[in-house]
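A quick write-up on the structure given underneath.
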Amino acid sequence: MRDLREAPRRGAAHAQPGEDGRASLGYLFIESERHAPHLDDLTDEEAAALGRLRTRLARALRIEVAALHVFAAVIGRNMDHFHEQMVARYPDTPADVPWHRSDEFAPRANAEEVADLARRLARRLAGDDGPQGVRLD
């Protein structure tokens with residue numbers, strides 16, 4: 001899969017399909033371009049750029065997949081590099097499902113469907129304030 005656009009200090013990627021060839025549609029990762037092991041290792045400029053990207057992606061996800069909510073969390077337990085996870089919560093998700101399990105109730109998408117969503121998100125972001133790094137990798 002290929003880069004759709006690039007921008008310094010920020011980027012986003014959709015979660016990749018698992019062993020079954022499918023991914024939870026609307027599960028994104030934001031990462032810094034520069035290696036930063038933790039959230040507090042980001043420069044003020046990097047943090048601001050990533051914050052703008054997060055807000056724009058949440059807005060675009062709510063429109064493109066009709067998400068009721070978009071959750072964002074920096075977990076950082078499995079990788080020594082800053083990654084923020086964004087998870088769309090769909091309207092048919094039962095109310096008693098905790099936020100961190102919302103992806104289990106998202107539509108399961110193949111690589112082509114993930115690529116289509118990434119293109120739609122990239123187009124929306126381009127209309128906000130120039131190119132944003134939305135990758136399909």
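Please note that chains go A, B, ... in the order of the structure tokens, that every chain numbers its residues from 1, and that ligands are numbered from 1 in the order shown.
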Within range 69-124 of chain A, find each residue whose DSSP state, derived from the backbone, is strand (DSSP E or B), and express the selection as a CSV table (one decimal) with C-alpha atoms, in the first residue's frame.
chain,number,residue,atom,x,y,z
A,69,HIS,CA,-18.1,9.3,18.6
A,70,VAL,CA,-14.3,9.0,17.9
A,71,PHE,CA,-12.2,8.0,20.8
A,72,ALA,CA,-8.5,8.9,21.0
A,73,ALA,CA,-5.9,7.4,23.3
A,83,HIS,CA,1.3,6.3,18.5
A,84,GLU,CA,-2.1,7.6,19.2
A,85,GLN,CA,-5.0,5.4,18.5
A,86,MET,CA,-8.3,6.7,17.1
A,87,VAL,CA,-11.4,4.4,17.1
A,88,ALA,CA,-14.8,5.2,15.6
A,89,ARG,CA,-17.8,4.1,17.5
A,108,ARG,CA,-15.0,-5.5,9.2
A,109,ALA,CA,-13.3,-4.2,6.0
Mind running range 49-98 of chain A against range 114-123 of chain A at 10 Å and telling me each contacting residue's nearest atom pair with the distance in Å (one decimal), counting only C-alpha atoms, chain and number ascending, as CSV?
residue,atom,partner,partner_atom,distance
A:Arg56,CA,A:Leu121,CA,9.2
A:Leu57,CA,A:Leu121,CA,7.2
A:Ala58,CA,A:Leu121,CA,9.8
A:Arg59,CA,A:Leu121,CA,9.5
A:Ala60,CA,A:Leu121,CA,5.9
A:Leu61,CA,A:Leu121,CA,7.1
A:Ile63,CA,A:Leu121,CA,9.3
A:Glu64,CA,A:Arg120,CA,7.3
A:Val65,CA,A:Leu117,CA,8.5
message = For a test of reading the model, state the distance in Å between CA of Ala49 in chain A and CA of Ala111 in chain A, rounded to one decimal.
response = 27.8 Å
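Note that the spacing between CA of Leu50 in chain A and CA of Ala23 in chain A amounts to 23.5 Å.
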request  = Identify, on the basis of only C-alpha atoms, every residue whose closest approach to Ala47 in chain A does not exceed 12 Å; exclude the query and any residue fewer than 2 positions from it along the same chain; express the result as a PyMOL selection string.
outcome  = chain A and resi 9-10+30-34+36+38-45+49-54+82-84
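The spacing separating CA of Ala67 in chain A from CA of Ala48 in chain A amounts to 24.3 Å.
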